$ cat data_34.pdb   # PDB, C-alpha atoms, pLDDT in the B column
ATOM      1  CA  MET A   1      -0.799  20.324   0.965  1.00 51.00           C
ATOM      2  CA  THR A   2      -2.994  23.391   1.302  1.00 53.00           C
ATOM      3  CA  ALA A   3      -6.764  23.449   0.892  1.00 51.00           C
ATOM      4  CA  ALA A   4      -6.351  24.470  -2.762  1.00 57.00           C
ATOM      5  CA  ASP A   5      -3.680  21.853  -3.614  1.00 68.00           C
ATOM      6  CA  PRO A   6      -5.110  18.493  -4.665  1.00 77.00           C
ATOM      7  CA  ALA A   7      -3.367  15.253  -3.708  1.00 85.00           C
ATOM      8  CA  ASN A   8      -3.255  12.457  -6.269  1.00 91.00           C
ATOM      9  CA  LEU A   9      -4.576   9.271  -4.685  1.00 92.00           C
ATOM     10  CA  SER A  10      -4.583   5.806  -6.185  1.00 93.00           C
ATOM     11  CA  PHE A  11      -7.864   3.952  -5.641  1.00 93.00           C
ATOM     12  CA  THR A  12      -8.354   0.202  -6.152  1.00 93.00           C
ATOM     13  CA  TRP A  13     -11.384  -2.062  -5.870  1.00 91.00           C
ATOM     14  CA  VAL A  14     -12.023  -3.897  -2.625  1.00 92.00           C
ATOM     15  CA  PRO A  15     -12.188  -7.563  -3.723  1.00 89.00           C
ATOM     16  CA  GLY A  16     -15.680  -9.032  -3.682  1.00 90.00           C
ATOM     17  CA  THR A  17     -17.455  -5.666  -3.755  1.00 90.00           C
ATOM     18  CA  MET A  18     -18.939  -3.488  -6.459  1.00 88.00           C
ATOM     19  CA  ASP A  19     -19.243  -0.252  -4.518  1.00 90.00           C
ATOM     20  CA  ARG A  20     -16.101   0.031  -2.371  1.00 93.00           C
ATOM     21  CA  VAL A  21     -12.592   1.211  -3.086  1.00 94.00           C
ATOM     22  CA  ARG A  22      -9.498   1.645  -0.988  1.00 95.00           C
ATOM     23  CA  PHE A  23      -6.492   3.939  -0.869  1.00 95.00           C
ATOM     24  CA  THR A  24      -3.369   4.166   1.277  1.00 94.00           C
ATOM     25  CA  ARG A  25      -2.265   7.347   2.969  1.00 92.00           C
ATOM     26  CA  GLU A  26       0.297   7.919   5.742  1.00 88.00           C
ATOM     27  CA  GLY A  27       0.785   4.203   6.416  1.00 90.00           C
ATOM     28  CA  ARG A  28      -2.927   3.360   6.666  1.00 93.00           C
ATOM     29  CA  THR A  29      -5.290   1.775   4.157  1.00 94.00           C
ATOM     30  CA  TYR A  30      -8.756   3.334   4.041  1.00 95.00           C
ATOM     31  CA  THR A  31     -11.930   1.785   2.601  1.00 96.00           C
ATOM     32  CA  VAL A  32     -14.667   4.097   1.327  1.00 96.00           C
ATOM     33  CA  TYR A  33     -17.730   3.912  -0.907  1.00 93.00           C
ATOM     34  CA  LEU A  34     -17.031   4.597  -4.575  1.00 91.00           C
ATOM     35  CA  ARG A  35     -19.854   7.166  -4.617  1.00 89.00           C
ATOM     36  CA  ASP A  36     -17.981   9.207  -1.987  1.00 91.00           C
ATOM     37  CA  VAL A  37     -14.860   9.352  -4.178  1.00 88.00           C
ATOM     38  CA  VAL A  38     -16.122   9.736  -7.730  1.00 78.00           C
ATOM     39  CA  ARG A  39     -17.551  13.148  -8.398  1.00 66.00           C
ATOM     40  CA  GLN A  40     -17.170  13.043 -12.176  1.00 59.00           C
ATOM     41  CA  ALA A  41     -18.697  10.309 -14.323  1.00 56.00           C
ATOM     42  CA  GLN A  42     -15.674   9.952 -16.621  1.00 56.00           C
ATOM     43  CA  SER A  43     -13.185   9.485 -13.765  1.00 63.00           C
ATOM     44  CA  ASP A  44     -14.482   6.050 -12.803  1.00 70.00           C
ATOM     45  CA  SER A  45     -14.091   4.457 -16.260  1.00 78.00           C
ATOM     46  CA  ALA A  46     -10.402   3.600 -15.648  1.00 79.00           C
ATOM     47  CA  LEU A  47     -11.396   2.007 -12.364  1.00 83.00           C
ATOM     48  CA  TYR A  48     -13.972  -0.203 -14.106  1.00 83.00           C
ATOM     49  CA  LEU A  49     -11.604  -1.127 -16.935  1.00 84.00           C
ATOM     50  CA  GLN A  50      -8.291  -1.503 -15.065  1.00 87.00           C
ATOM     51  CA  GLY A  51      -9.245  -1.936 -11.411  1.00 87.00           C
ATOM     52  CA  ARG A  52      -7.218   1.134 -10.433  1.00 90.00           C
ATOM     53  CA  VAL A  53      -7.504   4.880 -10.933  1.00 89.00           C
ATOM     54  CA  VAL A  54      -5.489   7.893  -9.773  1.00 89.00           C
ATOM     55  CA  LEU A  55      -7.618  10.921  -8.956  1.00 88.00           C
ATOM     56  CA  PRO A  56      -6.892  14.409  -7.611  1.00 89.00           C
ATOM     57  CA  VAL A  57      -8.502  14.879  -4.195  1.00 90.00           C
ATOM     58  CA  SER A  58      -8.697  18.226  -2.393  1.00 91.00           C
ATOM     59  CA  ALA A  59      -7.452  18.538   1.182  1.00 92.00           C
ATOM     60  CA  GLY A  60     -11.019  18.946   2.444  1.00 92.00           C
ATOM     61  CA  HIS A  61     -12.286  15.910   0.543  1.00 92.00           C
ATOM     62  CA  LEU A  62      -9.283  13.875   1.758  1.00 93.00           C
ATOM     63  CA  ARG A  63     -10.092  14.780   5.374  1.00 92.00           C
ATOM     64  CA  GLU A  64     -13.667  13.591   4.817  1.00 93.00           C
ATOM     65  CA  LEU A  65     -12.506  10.338   3.189  1.00 93.00           C
ATOM     66  CA  MET A  66     -10.148   9.666   6.094  1.00 93.00           C
ATOM     67  CA  GLY A  67     -12.770  10.730   8.642  1.00 93.00           C
ATOM     68  CA  ARG A  68     -16.548  10.605   8.475  1.00 93.00           C
ATOM     69  CA  LEU A  69     -16.761   8.824   5.090  1.00 93.00           C
ATOM     70  CA  CYS A  70     -14.293   6.078   6.039  1.00 93.00           C
ATOM     71  CA  LEU A  71     -15.828   2.602   6.362  1.00 94.00           C
ATOM     72  CA  SER A  72     -12.645   1.066   7.800  1.00 92.00           C
ATOM     73  CA  ASN A  73      -8.940   1.738   8.072  1.00 89.00           C
ATOM     74  CA  THR A  74      -6.037  -0.527   8.869  1.00 90.00           C
ATOM     75  CA  ARG A  75      -2.354  -0.011   9.377  1.00 88.00           C
ATOM     76  CA  SER A  76      -0.389  -0.880   6.251  1.00 76.00           C
ATOM     77  CA  GLU A  77       2.391  -3.145   7.460  1.00 68.00           C
ATOM     78  CA  LEU A  78       5.696  -3.839   5.798  1.00 58.00           C
ATOM     79  CA  PRO A  79       6.554  -7.493   5.206  1.00 56.00           C
ATOM     80  CA  ARG A  80       8.326  -8.920   8.249  1.00 58.00           C
ATOM     81  CA  SER A  81      11.653 -10.692   8.217  1.00 55.00           C
ATOM     82  CA  ALA A  82      12.343 -13.875  10.143  1.00 56.00           C
ATOM     83  CA  VAL A  83      15.417 -12.107  11.525  1.00 60.00           C
ATOM     84  CA  PRO A  84      14.592  -9.541  14.251  1.00 61.00           C
ATOM     85  CA  GLY A  85      15.583  -6.020  13.275  1.00 59.00           C
ATOM     86  CA  GLU A  86      15.798  -6.815   9.548  1.00 60.00           C
ATOM     87  CA  VAL A  87      13.297  -5.643   6.957  1.00 55.00           C
ATOM     88  CA  ALA A  88      11.943  -8.462   4.786  1.00 54.00           C
ATOM     89  CA  ARG A  89      12.949  -8.431   1.140  1.00 54.00           C
ATOM     90  CA  THR A  90      10.758  -9.172  -1.796  1.00 49.00           C
ATOM     91  CA  PRO A  91      11.949 -11.920  -4.161  1.00 49.00           C
ATOM     92  CA  LEU A  92      13.137  -9.273  -6.631  1.00 51.00           C
ATOM     93  CA  GLU A  93      15.471  -7.729  -4.060  1.00 46.00           C
ATOM     94  CA  HIS A  94      17.496 -10.900  -3.474  1.00 44.00           C
ATOM     95  CA  PRO A  95      20.804 -11.083  -5.316  1.00 45.00           C
TER      96      PRO A  95
END

$ encode --input "data_34.pdb" --output "structure tokens"
Amino acid sequence: MTAADPANLSFTWVPGTMDRVRFTREGRTYTVYLRDVVRQAQSDSALYLQGRVVLPVSAGHLRELMGRLCLSNTRSELPRSAVPGEVARTPLEHP
């Protein structure tokens, strides 16, 4: 992604808050204030109605969201299997 190419990020509400959203990028989940994401009034209506919105974010804005504007970030972990070395399966993946 170059500075001119926007990335489409999916934002969801942080449960129990009215002003925080989160997104996942490169295996990490970031929490930021909604005001730092939404720069157009109409773009947040889907978030209010559906709890999720996909927005284009420039490379510079993404760096800010992952850096100085980030409230917290955690590693997004895959479900673990009880068997070492095996990736856990979701119920839909079982035969």

$ closest_residue --input "data_34.pdb" --among "A:Leu71, A:Leu49, A:Arg63, A:Asn8" --to "Val21 (chain A)" --atoms "all atoms listed in the file"
A:Leu71

$ atom_distance --input "data_34.pdb" --atom1 "CA of Leu62 (chain A)" --atom2 "CA of Ser76 (chain A)"
17.8 Å

$ atom_distance --input "data_34.pdb" --atom1 "CA of Pro6 (chain A)" --atom2 "CA of Met66 (chain A)"
14.8 Å

$ resolve_selection --input "data_34.pdb" --expression "the PyMOL selection byres ((chain A and resi 28) around 6)" --output "tab-separated table (two decimals) with C-alpha atoms, in the frame of the given file"
chain	number	residue	atom	x	y	z
A	24	THR	CA	-3.37	4.17	1.28
A	25	ARG	CA	-2.26	7.35	2.97
A	26	GLU	CA	0.30	7.92	5.74
A	27	GLY	CA	0.78	4.20	6.42
A	29	THR	CA	-5.29	1.78	4.16
A	74	THR	CA	-6.04	-0.53	8.87
A	75	ARG	CA	-2.35	-0.01	9.38
A	76	SER	CA	-0.39	-0.88	6.25

$ atom_distance --input "data_34.pdb" --atom1 "CA of Tyr30 (chain A)" --atom2 "CA of Thr12 (chain A)"
10.7 Å

$ residues_around --input "data_34.pdb" --residues "Asp44 (chain A)" --least-positions-apart "6" --cutoff "9 Å" --atoms "all atoms listed in the file" --output "ChimeraX atom specification"
/A:34,38,53

$ closest_residue --input "data_34.pdb" --among "A:Leu9, A:Ala59, A:Leu47, A:Met18" --to "Tyr33 (chain A)" --atoms "only C-alpha atoms"
A:Met18

$ residues_around --input "data_34.pdb" --residues "Val32 (chain A)" --least-positions-apart "6" --cutoff "8 Å" --atoms "all atoms listed in the file" --output "PyMOL selection string"
chain A and resi 20-22+65+69-72

$ resolve_selection --input "data_34.pdb" --expression "the PyMOL selection byres ((chain A and resi 57) around 6)" --output "JSON, numbers by chain"
{"A": [6, 7, 56, 58]}

$ build_atoms --input "data_34.pdb" --residues "region 10-21 of chain A" --atoms "all heavy atoms" --output "CSV table (one decimal), in the frame of the given file"
chain,number,residue,atom,x,y,z
A,10,SER,N,-4.3,7.0,-5.4
A,10,SER,CA,-4.6,5.8,-6.2
A,10,SER,C,-5.7,5.0,-5.5
A,10,SER,O,-5.5,4.6,-4.3
A,10,SER,CB,-3.3,5.0,-6.3
A,10,SER,OG,-3.6,3.8,-7.0
A,11,PHE,N,-6.8,4.7,-6.2
A,11,PHE,CA,-7.9,4.0,-5.6
A,11,PHE,C,-7.9,2.6,-6.4
A,11,PHE,O,-7.7,2.5,-7.6
A,11,PHE,CB,-9.2,4.7,-5.9
A,11,PHE,CG,-9.3,6.0,-5.1
A,11,PHE,CD1,-8.9,7.2,-5.7
A,11,PHE,CD2,-9.8,6.0,-3.8
A,11,PHE,CE1,-9.0,8.4,-5.0
A,11,PHE,CE2,-9.9,7.2,-3.1
A,11,PHE,CZ,-9.5,8.4,-3.7
A,12,THR,N,-8.2,1.5,-5.6
A,12,THR,CA,-8.4,0.2,-6.2
A,12,THR,C,-9.6,-0.4,-5.6
A,12,THR,O,-10.1,0.0,-4.5
A,12,THR,CB,-7.2,-0.7,-5.8
A,12,THR,OG1,-7.0,-0.8,-4.4
A,12,THR,CG2,-5.9,-0.2,-6.4
A,13,TRP,N,-10.2,-1.4,-6.3
A,13,TRP,CA,-11.4,-2.1,-5.9
A,13,TRP,C,-11.1,-2.9,-4.6
A,13,TRP,O,-10.0,-3.4,-4.5
A,13,TRP,CB,-11.9,-3.1,-6.9
A,13,TRP,CG,-12.5,-2.5,-8.1
A,13,TRP,CD1,-12.1,-2.5,-9.4
A,13,TRP,CD2,-13.8,-1.7,-8.2
A,13,TRP,NE1,-13.0,-1.9,-10.2
A,13,TRP,CE2,-14.0,-1.4,-9.5
A,13,TRP,CE3,-14.7,-1.4,-7.2
A,13,TRP,CZ2,-15.1,-0.7,-9.9
A,13,TRP,CZ3,-15.8,-0.6,-7.6
A,13,TRP,CH2,-16.0,-0.3,-8.9
A,14,VAL,N,-12.1,-3.0,-3.7
A,14,VAL,CA,-12.0,-3.9,-2.6
A,14,VAL,C,-12.6,-5.2,-3.2
A,14,VAL,O,-13.7,-5.3,-3.7
A,14,VAL,CB,-12.9,-3.4,-1.4
A,14,VAL,CG1,-12.9,-4.5,-0.4
A,14,VAL,CG2,-12.3,-2.1,-0.9
A,15,PRO,N,-11.8,-6.3,-3.1
A,15,PRO,CA,-12.2,-7.6,-3.7
A,15,PRO,C,-13.5,-8.0,-3.2
A,15,PRO,O,-13.8,-7.9,-2.0
A,15,PRO,CB,-11.1,-8.5,-3.3
A,15,PRO,CG,-9.9,-7.7,-3.1
A,15,PRO,CD,-10.4,-6.4,-2.6
A,16,GLY,N,-14.4,-8.5,-4.1
A,16,GLY,CA,-15.7,-9.0,-3.7
A,16,GLY,C,-16.8,-8.0,-3.5
A,16,GLY,O,-17.9,-8.3,-3.1
A,17,THR,N,-16.5,-6.7,-3.9
A,17,THR,CA,-17.5,-5.7,-3.8
A,17,THR,C,-17.6,-5.0,-5.1
A,17,THR,O,-16.8,-5.1,-6.0
A,17,THR,CB,-17.1,-4.6,-2.7
A,17,THR,OG1,-16.0,-3.8,-3.2
A,17,THR,CG2,-16.7,-5.2,-1.4
A,18,MET,N,-18.7,-4.3,-5.2
A,18,MET,CA,-18.9,-3.5,-6.5
A,18,MET,C,-19.0,-2.0,-6.2
A,18,MET,O,-19.1,-1.2,-7.1
A,18,MET,CB,-20.2,-3.9,-7.1
A,18,MET,CG,-20.1,-5.4,-7.7
A,18,MET,SD,-21.6,-5.9,-8.5
A,18,MET,CE,-21.7,-4.7,-9.9
A,19,ASP,N,-19.0,-1.7,-4.9
A,19,ASP,CA,-19.2,-0.3,-4.5
A,19,ASP,C,-18.2,0.3,-3.6
A,19,ASP,O,-18.4,1.4,-3.0
A,19,ASP,CB,-20.6,-0.1,-3.9
A,19,ASP,CG,-20.8,-0.9,-2.6
A,19,ASP,OD1,-20.0,-1.8,-2.3
A,19,ASP,OD2,-21.8,-0.6,-1.9
A,20,ARG,N,-17.1,-0.4,-3.3
A,20,ARG,CA,-16.1,0.0,-2.4
A,20,ARG,C,-14.7,0.0,-3.0
A,20,ARG,O,-14.4,-0.8,-3.8
A,20,ARG,CB,-16.1,-0.9,-1.1
A,20,ARG,CG,-17.4,-0.8,-0.4
A,20,ARG,CD,-17.5,-1.7,0.7
A,20,ARG,NE,-18.8,-1.7,1.2
A,20,ARG,CZ,-19.2,-2.3,2.3
A,20,ARG,NH1,-18.4,-3.0,3.0
A,20,ARG,NH2,-20.5,-2.2,2.7
A,21,VAL,N,-14.0,1.1,-2.6
A,21,VAL,CA,-12.6,1.2,-3.1
A,21,VAL,C,-11.7,1.5,-1.9
A,21,VAL,O,-12.2,1.8,-0.8
A,21,VAL,CB,-12.4,2.3,-4.1
A,21,VAL,CG1,-13.1,2.0,-5.4
A,21,VAL,CG2,-12.9,3.7,-3.6
